[in-house]
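Down below is the structure, laid out as structure tokens.
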Amino acid sequence: MCGVLTILDLRGNPAKLRRQALVMARKLRHRGPDWSGIYADTRAILAHERLAIVDVVHGAQPILDIREGTVLSVNGEIYNHEDLRARLRRPHDFQTASDCEVILYLYDELPRKTS
């Protein structure tokens, strides 16, 4: 089971918070000993300790949708991920064969309400 750590609504020193996130994520390493990844911007920090099951070599997280800028860090297994990929309406820039990456593009295709 992966370990996921998230810090939202950043205030203060983002670089210091990133260092703190790395220290905290080390405490989760036993949950995901196969990969450690971190994503940080001005609004959020996501740290991921990965237990590799699907796409062991390339499925590192957090995963970034390079076109939309959406970031994903998830613990779980999407059993029908290949079927979901086949049902996407638009082409997407998949970076992995990971089961979880499809969530980014499902979200991207989700109808949005306009105000």
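Naming scheme: A, B, ... for chains in displayed order of the structure tokens; residues 1 onward per chain; ligands 1 onward as shown.
Excluding Leu51 (chain A) and any residue on its chain fewer than 6 positions from it, the residues at most 6 Å away by only C-alpha atoms are A:Met1, A:Cys2, A:Gly32, A:Pro33, A:Asp34.
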Set the distance at 7 Å and use only C-alpha atoms: which residues neighbour region 40-50 of chain A once local chain neighbours fewer than 6 positions away are removed? I'd like the list as a short mmCIF file (atom, residue, chain, number, x, y, z; two decimals) with N, CA and C atoms, in the first residue's frame.
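The resulting file, part-v7.cif, is reproduced below:
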```cif
data_model
loop_
_atom_site.label_atom_id
_atom_site.label_comp_id
_atom_site.auth_asym_id
_atom_site.auth_seq_id
_atom_site.Cartn_x
_atom_site.Cartn_y
_atom_site.Cartn_z
N CYS A 2 0.63 2.15 -0.89
CA CYS A 2 1.42 3.38 -1.02
C CYS A 2 1.18 4.30 0.17
N GLY A 3 2.09 5.23 0.36
CA GLY A 3 1.93 6.29 1.34
C GLY A 3 1.85 7.62 0.60
N VAL A 4 0.88 8.45 0.96
CA VAL A 4 0.67 9.73 0.30
C VAL A 4 0.62 10.83 1.36
N LEU A 5 1.35 11.90 1.11
CA LEU A 5 1.36 13.05 2.01
C LEU A 5 1.07 14.29 1.19
N THR A 6 0.17 15.14 1.66
CA THR A 6 -0.20 16.35 0.92
C THR A 6 -0.23 17.53 1.87
N ILE A 7 0.33 18.64 1.43
CA ILE A 7 0.24 19.90 2.15
C ILE A 7 -0.43 20.88 1.20
N LEU A 8 -1.56 21.44 1.63
CA LEU A 8 -2.32 22.37 0.79
C LEU A 8 -2.34 23.76 1.42
N ASP A 9 -2.73 24.73 0.64
CA ASP A 9 -2.87 26.11 1.11
C ASP A 9 -1.57 26.58 1.75
N LEU A 10 -0.50 26.55 0.96
CA LEU A 10 0.83 26.86 1.46
C LEU A 10 0.92 28.31 1.93
N PRO A 14 7.79 28.19 0.99
CA PRO A 14 7.52 26.94 0.27
C PRO A 14 8.72 25.98 0.26
N ARG A 18 8.63 22.21 1.68
CA ARG A 18 9.03 21.07 0.85
C ARG A 18 10.01 20.18 1.61
N ALA A 21 8.10 18.29 4.15
CA ALA A 21 7.33 17.23 3.51
C ALA A 21 8.22 16.01 3.24
N ALA A 25 7.56 12.41 4.69
CA ALA A 25 7.35 11.31 3.74
C ALA A 25 8.26 10.13 4.06
N LEU A 28 6.76 7.47 5.96
CA LEU A 28 5.81 6.62 5.24
C LEU A 28 6.50 5.63 4.30
N ARG A 29 7.80 5.68 4.23
CA ARG A 29 8.54 4.89 3.24
C ARG A 29 8.25 3.39 3.34
N ARG A 31 5.52 2.07 3.64
CA ARG A 31 4.28 1.81 2.92
C ARG A 31 4.50 1.69 1.42
N GLY A 32 5.59 2.29 0.93
CA GLY A 32 5.87 2.27 -0.50
C GLY A 32 7.37 2.29 -0.74
N PRO A 33 8.03 1.16 -0.59
CA PRO A 33 9.49 1.13 -0.64
C PRO A 33 10.09 1.18 -2.05
N ASP A 34 9.26 1.18 -3.11
CA ASP A 34 9.77 1.06 -4.47
C ASP A 34 10.11 2.39 -5.14
N GLN A 61 4.90 8.21 -9.12
CA GLN A 61 3.97 9.28 -8.80
C GLN A 61 4.68 10.29 -7.91
N PRO A 62 4.16 11.48 -7.79
CA PRO A 62 2.99 12.06 -8.44
C PRO A 62 3.16 12.13 -9.97
N SER A 73 -1.69 11.99 -7.20
CA SER A 73 -0.99 11.06 -6.31
C SER A 73 -2.09 10.22 -5.67
#
```
*Out of chain A, which residues get strand (DSSP E) from DSSP, as number ranges by chain?*
A: 3-8, 35-40, 44-50, 63-64, 71-72
Find the residues near Asn80 (chain A): any atom within 12 Å, counting only C-alpha atoms, skip ones fewer than 3 places away on the same chain, and give them as a VMD selection string. chain A and resid 77 83 to 87 98 to 100 102 to 103
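Minimum distance to Ile66 (chain A) across A:Gln20, A:Asp108, A:Ala15, A:Lys113 (counting only C-alpha atoms) occurs at A:Asp108.
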From CA of Gln95 (chain A) to CA of Ser36 (chain A) the spacing works out at 17.3 Å
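CA of Val54 (chain A) sits 22.5 Å away from CA of Arg26 (chain A).
The coordinates place CA of Val23 (chain A) at 24.4 Å from CA of Thr70 (chain A).
Secondary structure of region 6-98 of chain A, helix (DSSP H, G or I) only (DSSP, backbone atoms): Pro14, Ala15, Lys16, Leu17, Arg18, Arg19, Gln20, Ala21, Leu22, Val23, Met24, Ala25, Arg26, Arg29, His30, Arg31, His81, Glu82, Asp83, Leu84, Arg85, Ala86 and Arg87 of chain A.
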Which residues, written as a ChimeraX atom specification, have at least one atom at most 8 Å from Asp65 (chain A), with only C-alpha atoms counted and residues fewer than 2 positions away on the same chain left out? /A:63,67-71,93,104-105
